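A.B. asks: Pasting a structure below so you can have a look.
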Amino acid sequence: MMETLAQTVPEPADTTAFLAGELGPGPDWLQTLREQARTRLAEMAFPTTEQEEWRFTNIAPLRLWPLHAAETGGRQIGPADIEPFRLAGGGYCLVFVDGRFRAELSTLPAHGAPLRAGSLRAQWDGEARELRRHLTRHADGVANFFTALNTASFEDGAFVSVPAGAVVGQPVQLLYLAASERPGAAVHARNLIVANDGSSVKVVESYASLTEAPHFTNAVTELALGPEARVEHCKLQNENEGAFHIATVQAAQSRHSHWLSHSIATGARLARNQIQTRLGAEGAEAILNGLYLARGEQLIDHHTVVDHAHARCESHEFYYGILAGRSRGVFNGKIFVRQDAQKTNAKQTNRNVLLSEQALIHTKPQLEIFADDVKCTHGATVGQLNEEELFYLRSRGIGADLARRMLVRAFANDAVERITLEPVRAHLEKLLTERFESLDTSLSSHD
């Protein structure tokens with residue numbers, strides 16, 4: 001699909017105007033931030049494989065695309081179109097079509113509910129004190145090209161704010177749907193999630209496609225966790241396999257806050273997830289959980305950074321990859337333990353299963369420790385399905401393909417079971433069933 005789109009362009013398209021062109025909308029204070037981001041963009045190089053952070057993830061084909069801002073007024077989207085992507089069991093749902101908020105398709109908190117949730121654009125027209133405190137303040141737009149691009153370009157996004165002490169019982173879904181039928185539509189989605197002191201909320205950030213047209217998603221999500229706040233954030237990416245998806249998730253954690261992060265990536269031609277947190281006060285805890293499934297020519301990349309900036313904090317990372325066909329996976333996990341971060345407890349694990357001889361994973365767990373009273377471990381494994389387990393299942397009359405699918409599902413369940421939201425697990429069960437059914441050809445190649 002990527003090559004087909006590139007062939008529609010007579011010569012390489014000049015995307016300079018798009019990358020650093022018109023600023024997005026907003027009040028004066030936001031426009032100042034946008035101007036600063038555009039200035040940085042002019043000084044930054046487009047990421048290439050010559051840079052260590054992008055060594056195994058080649059996004060050069062993106063520059064060949066006839067990129068354009070996703071248009072409005074195209075395909076008519078109704079409730080029936082979004083129903084397959086909404087989580088079952090109710091809850092709040094903020095719907096964005098081609099990056100623009102659709103209130104008539106959304107389910108918002110009632111007036112007086114212990115939650116504020118809606119579009120960023122609606123919030124910045126008011127006093128916007130909370131936005132001014134947090135928006136663009138956590139995600140790094142100085143070193144990250146695509147974060148700077150997002151800041152300069154985003155038109156809208158989701159805003160979720162939980163007041164101090166409030167416990168939100170229902171999940172909040174941020175549903176982003178790509179609907180443009182014109183190849184090369186670009187959406188810069190920006191999300192801000194604020195959990196104030198002692199509050200609790202669960203947020204599901206979903207990305208999907210309504211057409212097969214190749215498109216580009218550049219998403220940035222910032223999370224600010226106050227003291228003793230608890231946030232579970234689940235990012236589900238299942239866009240069409242012609243898409244490019246580049247995303248940054250950045251959390252800023254306060255004293256005794258707890259962040260449970262899930263990244264489930266199954267879609268896109270190329271998907272890159274940068275997931276980071278800064279444990280900025282004593283007692284903060286982060287659990288980063290991920291599952292990526294790739295097939296065909298897909299490339300799925302996870303880069304994580306856990307910054308232990310204060311003493312007596314914990315972090316645990318678990319990322320699992322399942323790769324079939326000629327797909328590629330990348331995992332680069334960094335744990336920083338600063339000099340004052342004594343009594344740190346950090347663990348990082350990356351496990352991968354290759355379902356074909358052509359699949360490939362690049363894995364690089366890293367520790368940088370500048371304190372001496374810490375407990376830190378990391379490790380990575382790469383292998384194929386266990387032949388003894390396959391033999392055991394087949395000796396009980398289970399067919400070869402079904403036996404392989406059972407083992408792959410069991411491997412994936414380690415990541416799925418860490419998700420506490422039952423509607424998300426049910427959604428994943430359906431999605432994974434469909435995906436594993438489609439892996440029959442790759443799996444049977446081992447016979």
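Identifiers in the structure tokens: chain A, B, ... in order shown; residue index from 1 per chain; ligand index from 1 in order shown.
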Go through stretch 22-185 of chain A and collect every residue that DSSP, computed from the backbone, puts in strand (DSSP E or B); the answer should be as an MDAnalysis selection string.
C.D. replies: chainID A and resid 68:69 92:97 100:101 107 116:119 156:162 167 172:178 185
A.B. asks: Excluding same-chain residues fewer than 6 positions from A:Ala60, what lies within 9 Å of it counting only C-alpha atoms, as an MDAnalysis selection string?
C.D. replies: chainID A and resid 46:49
A.B. asks: Residues as selected, C-alpha atoms, written as a tab-separated table (two decimals), in the first residue's frame, can you do that?
C.D. replies:
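The resulting file, again.tsv, is reproduced below:
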chain	number	residue	atom	x	y	z
A	46	PHE	CA	13.65	15.17	9.60
A	47	PRO	CA	14.35	11.86	11.42
A	48	THR	CA	16.44	9.38	9.44
A	49	THR	CA	18.02	6.00	10.10
A.B. asks: Within 7 Å of stretch 330-342 of chain A, counting only C-alpha atoms, which residues qualify if same-chain residues fewer than 4 places away don't, as a ChimeraX atom specification?
C.D. replies: /A:300-312,361-374
A.B. asks: Do a neighbour search on A:Ile264 at 9 Å with only C-alpha atoms, toss out local chain neighbours closer than 4 positions, and write the hits as a short mmCIF file (atom, residue, chain, number, x, y, z; two decimals) with all heavy atoms, in the first residue's frame.
C.D. replies:
data_model
loop_
_atom_site.label_atom_id
_atom_site.label_comp_id
_atom_site.auth_asym_id
_atom_site.auth_seq_id
_atom_site.Cartn_x
_atom_site.Cartn_y
_atom_site.Cartn_z
N CYS A 234 -4.97 3.25 28.39
CA CYS A 234 -4.83 2.17 27.41
C CYS A 234 -4.91 2.76 26.01
O CYS A 234 -5.92 3.38 25.64
CB CYS A 234 -5.93 1.13 27.62
SG CYS A 234 -5.77 -0.29 26.53
N LYS A 235 -3.88 2.58 25.24
CA LYS A 235 -3.85 3.07 23.86
C LYS A 235 -4.00 1.89 22.91
O LYS A 235 -3.17 0.97 22.90
CB LYS A 235 -2.54 3.82 23.58
CG LYS A 235 -2.44 4.40 22.17
CD LYS A 235 -1.20 5.28 22.05
CE LYS A 235 -1.11 5.87 20.65
NZ LYS A 235 -0.71 4.84 19.65
N LEU A 236 -5.06 1.92 22.10
CA LEU A 236 -5.35 0.86 21.13
C LEU A 236 -5.16 1.42 19.73
O LEU A 236 -5.85 2.36 19.33
CB LEU A 236 -6.79 0.36 21.28
CG LEU A 236 -7.22 -0.14 22.65
CD1 LEU A 236 -8.71 -0.47 22.65
CD2 LEU A 236 -6.41 -1.37 23.04
N GLN A 237 -4.23 0.88 18.97
CA GLN A 237 -3.97 1.36 17.62
C GLN A 237 -4.21 0.22 16.64
O GLN A 237 -3.48 -0.76 16.62
CB GLN A 237 -2.54 1.88 17.51
CG GLN A 237 -2.22 2.59 16.19
CD GLN A 237 -1.87 1.61 15.07
OE1 GLN A 237 -2.57 1.53 14.06
NE2 GLN A 237 -0.81 0.85 15.26
N ASN A 238 -5.27 0.37 15.82
CA ASN A 238 -5.62 -0.67 14.85
C ASN A 238 -6.02 -0.01 13.53
O ASN A 238 -7.06 -0.34 12.94
CB ASN A 238 -6.75 -1.55 15.39
CG ASN A 238 -6.97 -2.79 14.53
OD1 ASN A 238 -6.03 -3.32 13.93
ND2 ASN A 238 -8.22 -3.23 14.43
N ASN A 289 2.89 -1.55 30.12
CA ASN A 289 2.51 -2.86 29.58
C ASN A 289 2.23 -2.70 28.09
O ASN A 289 1.56 -1.76 27.68
CB ASN A 289 1.25 -3.35 30.33
CG ASN A 289 0.75 -4.68 29.83
OD1 ASN A 289 1.52 -5.61 29.64
ND2 ASN A 289 -0.56 -4.78 29.61
N GLY A 290 2.75 -3.60 27.26
CA GLY A 290 2.55 -3.45 25.83
C GLY A 290 2.43 -4.77 25.11
O GLY A 290 2.98 -5.79 25.53
N LEU A 291 1.67 -4.74 24.01
CA LEU A 291 1.51 -5.90 23.14
C LEU A 291 1.47 -5.41 21.71
O LEU A 291 0.67 -4.51 21.38
CB LEU A 291 0.22 -6.66 23.48
CG LEU A 291 -0.15 -7.83 22.56
CD1 LEU A 291 0.88 -8.94 22.66
CD2 LEU A 291 -1.55 -8.36 22.88
N TYR A 292 2.33 -5.95 20.86
CA TYR A 292 2.32 -5.57 19.45
C TYR A 292 2.29 -6.82 18.58
O TYR A 292 3.00 -7.79 18.81
CB TYR A 292 3.51 -4.67 19.09
CG TYR A 292 4.86 -5.11 19.63
CD1 TYR A 292 5.77 -5.82 18.85
CD2 TYR A 292 5.23 -4.79 20.94
CE1 TYR A 292 7.00 -6.19 19.34
CE2 TYR A 292 6.46 -5.17 21.45
CZ TYR A 292 7.35 -5.87 20.64
OH TYR A 292 8.58 -6.25 21.14
N LEU A 293 1.39 -6.79 17.59
CA LEU A 293 1.21 -7.88 16.65
C LEU A 293 1.42 -7.34 15.25
O LEU A 293 0.74 -6.41 14.82
CB LEU A 293 -0.19 -8.48 16.75
CG LEU A 293 -0.52 -9.37 17.94
CD1 LEU A 293 -0.70 -8.56 19.20
CD2 LEU A 293 -1.82 -10.14 17.67
N VAL A 416 -2.60 -8.92 28.02
CA VAL A 416 -4.02 -8.57 28.06
C VAL A 416 -4.56 -8.61 29.48
O VAL A 416 -5.35 -7.75 29.89
CB VAL A 416 -4.84 -9.51 27.14
CG1 VAL A 416 -6.33 -9.25 27.28
CG2 VAL A 416 -4.41 -9.34 25.68
N LEU A 428 -10.43 -6.58 22.96
CA LEU A 428 -9.19 -7.19 22.50
C LEU A 428 -9.36 -8.66 22.15
O LEU A 428 -8.74 -9.17 21.21
CB LEU A 428 -8.10 -7.02 23.56
CG LEU A 428 -7.45 -5.65 23.66
CD1 LEU A 428 -6.46 -5.62 24.82
CD2 LEU A 428 -6.75 -5.29 22.36
#
A.B. asks: Using only C-alpha atoms, determine which residues lie at most 10 Å from A:Pro109, disregarding the query and same-chain residues fewer than 6 positions distant; provide the list as a PDB file with N, CA and C atoms, in the first residue's frame.
C.D. replies:
ATOM      1  N   GLY A  91     -20.127   4.035  29.443  1.00  0.00           N
ATOM      2  CA  GLY A  91     -18.975   4.886  29.693  1.00  0.00           C
ATOM      3  C   GLY A  91     -19.022   6.114  28.800  1.00  0.00           C
ATOM      4  N   TYR A  92     -18.108   7.009  29.032  1.00  0.00           N
ATOM      5  CA  TYR A  92     -18.026   8.232  28.241  1.00  0.00           C
ATOM      6  C   TYR A  92     -17.226   7.960  26.961  1.00  0.00           C
ATOM      7  N   CYS A  93     -17.577   8.653  25.903  1.00  0.00           N
ATOM      8  CA  CYS A  93     -16.872   8.458  24.634  1.00  0.00           C
ATOM      9  C   CYS A  93     -16.779   9.787  23.902  1.00  0.00           C
ATOM     10  N   LEU A 115     -16.166  14.947  36.647  1.00  0.00           N
ATOM     11  CA  LEU A 115     -15.271  14.784  35.508  1.00  0.00           C
ATOM     12  C   LEU A 115     -15.560  15.873  34.495  1.00  0.00           C
ATOM     13  N   ARG A 116     -14.521  16.438  33.934  1.00  0.00           N
ATOM     14  CA  ARG A 116     -14.659  17.307  32.772  1.00  0.00           C
ATOM     15  C   ARG A 116     -14.023  16.601  31.588  1.00  0.00           C
ATOM     16  N   ALA A 117     -14.767  16.476  30.507  1.00  0.00           N
ATOM     17  CA  ALA A 117     -14.234  15.808  29.328  1.00  0.00           C
ATOM     18  C   ALA A 117     -14.876  16.418  28.088  1.00  0.00           C
ATOM     19  N   GLY A 118     -14.068  16.746  27.120  1.00  0.00           N
ATOM     20  CA  GLY A 118     -14.555  17.341  25.880  1.00  0.00           C
ATOM     21  C   GLY A 118     -13.395  17.651  24.975  1.00  0.00           C
ATOM     22  N   VAL A 172     -13.331   6.442  30.193  1.00  0.00           N
ATOM     23  CA  VAL A 172     -13.432   7.517  29.213  1.00  0.00           C
ATOM     24  C   VAL A 172     -12.702   7.076  27.957  1.00  0.00           C
TER      25      VAL A 172
END
A.B. asks: From the options A:Pro61, A:Pro84, A:Gly126, A:Pro171, which residue's atoms come nearest to A:Phe216, counting only C-alpha atoms?
C.D. replies: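 Nearest to A:Phe216: A:Pro61.
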A.B. asks: Extract, using only C-alpha atoms, all DNA, RNA and protein residues at most 6 Å from A:Gly325, discarding same-chain residues fewer than 6 positions from it, and format them as a tab-separated table (two decimals) with C-alpha atoms, in the first residue's frame.
C.D. replies:
chain	number	residue	atom	x	y	z
A	295	ARG	CA	2.18	-9.34	9.92
A	296	GLY	CA	2.95	-8.90	6.24
A	356	SER	CA	8.17	-17.02	10.41
A	359	ALA	CA	10.13	-11.86	10.74
A	442	SER	CA	2.43	-17.69	8.33
A.B. asks: Where does stretch 44-104 of chain A meet stretch 148-166 of chain A within 8 Å, residue by residue, with the nearest atom pair and distance in Å to one decimal for each, counting only C-alpha atoms, listed by chain and rising number, as JSON lines?
C.D. replies:
{"residue": "A:Leu94", "atom": "CA", "partner": "A:Ala158", "partner_atom": "CA", "distance": 7.3}
{"residue": "A:Phe96", "atom": "CA", "partner": "A:Gly157", "partner_atom": "CA", "distance": 7.8}
{"residue": "A:Gly99", "atom": "CA", "partner": "A:Asp156", "partner_atom": "CA", "distance": 6.6}
{"residue": "A:Arg100", "atom": "CA", "partner": "A:Asp156", "partner_atom": "CA", "distance": 6.0}
{"residue": "A:Phe101", "atom": "CA", "partner": "A:Asp156", "partner_atom": "CA", "distance": 7.0}
A.B. asks: Can you tell me how far atom CA of A:Thr136 sits from atom CA of A:Asn218, in Å to one decimal?
C.D. replies: 14.7 Å
A.B. asks: Using only C-alpha atoms, find each residue of stretch 190-276 of chain A with at least one atom at most 10 Å away from an atom of stretch 62-65 of chain A; report its shortest atom-to-atom pair and that distance in Å (one decimal), sort the rows by chain and rising residue number, and return the result as CSV.
C.D. replies:
residue,atom,partner,partner_atom,distance
A:Pro214,CA,A:Trp65,CA,9.4
A:His215,CA,A:Trp65,CA,9.2
A:Phe216,CA,A:Leu62,CA,8.4
A:Ala243,CA,A:Leu62,CA,9.9
A:Phe244,CA,A:Leu62,CA,7.7
A:Leu270,CA,A:Leu62,CA,9.9
A.B. asks: Could the residues in this selection be written to a file with all heavy atoms, as a JSON list (two decimals), in the first residue's frame?
C.D. replies:
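Contents of selection-v8.json, freshly written:
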[["chain", "number", "residue", "atom", "x", "y", "z"],
["A", 214, "PRO", "N", -4.49, 5.19, 2.59],
["A", 214, "PRO", "CA", -3.35, 5.45, 3.47],
["A", 214, "PRO", "C", -3.45, 6.85, 4.08],
["A", 214, "PRO", "O", -3.83, 7.81, 3.40],
["A", 214, "PRO", "CB", -2.14, 5.36, 2.53],
["A", 214, "PRO", "CG", -2.62, 4.56, 1.36],
["A", 214, "PRO", "CD", -4.06, 4.89, 1.21],
["A", 215, "HIS", "N", -3.11, 6.98, 5.36],
["A", 215, "HIS", "CA", -3.19, 8.27, 6.03],
["A", 215, "HIS", "C", -2.10, 8.36, 7.08],
["A", 215, "HIS", "O", -1.41, 7.37, 7.38],
["A", 215, "HIS", "CB", -4.58, 8.48, 6.66],
["A", 215, "HIS", "CG", -4.97, 7.42, 7.65],
["A", 215, "HIS", "ND1", -4.65, 7.49, 8.99],
["A", 215, "HIS", "CD2", -5.63, 6.23, 7.50],
["A", 215, "HIS", "CE1", -5.11, 6.41, 9.62],
["A", 215, "HIS", "NE2", -5.71, 5.63, 8.74],
["A", 216, "PHE", "N", -1.92, 9.54, 7.63],
["A", 216, "PHE", "CA", -0.86, 9.80, 8.60],
["A", 216, "PHE", "C", -1.46, 10.35, 9.88],
["A", 216, "PHE", "O", -2.15, 11.37, 9.87],
["A", 216, "PHE", "CB", 0.14, 10.81, 8.00],
["A", 216, "PHE", "CG", 1.17, 11.32, 8.97],
["A", 216, "PHE", "CD1", 1.83, 10.46, 9.83],
["A", 216, "PHE", "CD2", 1.51, 12.67, 8.99],
["A", 216, "PHE", "CE1", 2.79, 10.94, 10.72],
["A", 216, "PHE", "CE2", 2.47, 13.16, 9.87],
["A", 216, "PHE", "CZ", 3.11, 12.29, 10.73],
["A", 243, "ALA", "N", -1.41, 2.88, 6.65],
["A", 243, "ALA", "CA", -1.24, 4.12, 7.41],
["A", 243, "ALA", "C", 0.15, 4.21, 8.04],
["A", 243, "ALA", "O", 0.83, 3.21, 8.25],
["A", 243, "ALA", "CB", -2.30, 4.20, 8.50],
["A", 244, "PHE", "N", 0.53, 5.45, 8.33],
["A", 244, "PHE", "CA", 1.67, 5.74, 9.19],
["A", 244, "PHE", "C", 1.10, 6.30, 10.49],
["A", 244, "PHE", "O", 0.26, 7.19, 10.47],
["A", 244, "PHE", "CB", 2.59, 6.79, 8.56],
["A", 244, "PHE", "CG", 3.72, 6.22, 7.75],
["A", 244, "PHE", "CD1", 3.49, 5.26, 6.77],
["A", 244, "PHE", "CD2", 5.02, 6.64, 7.97],
["A", 244, "PHE", "CE1", 4.53, 4.74, 6.02],
["A", 244, "PHE", "CE2", 6.08, 6.13, 7.23],
["A", 244, "PHE", "CZ", 5.84, 5.17, 6.24],
["A", 270, "LEU", "N", 3.34, 1.43, 9.30],
["A", 270, "LEU", "CA", 4.43, 1.72, 10.22],
["A", 270, "LEU", "C", 3.84, 2.42, 11.44],
["A", 270, "LEU", "O", 3.13, 3.41, 11.30],
["A", 270, "LEU", "CB", 5.50, 2.59, 9.55],
["A", 270, "LEU", "CG", 6.74, 2.93, 10.39],
["A", 270, "LEU", "CD1", 7.95, 3.14, 9.48],
["A", 270, "LEU", "CD2", 6.53, 4.16, 11.27]]
A.B. asks: With distances taken over only C-alpha atoms, which of A:Ile246, A:Leu402, A:Val382, A:Leu174 is nearest to A:Glu437?
C.D. replies: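 Going through A:Ile246, A:Leu402, A:Val382, A:Leu174 one by one, the smallest distance to A:Glu437 is for A:Leu402.
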A.B. asks: For A:His256, list every protein, DNA or RNA residue within 6 Å, evaluated using only C-alpha atoms, and leave out those in the same chain fewer than 6 positions away; present the list as an MDAnalysis selection string.
C.D. replies: chainID A and resid 227:228 283:284
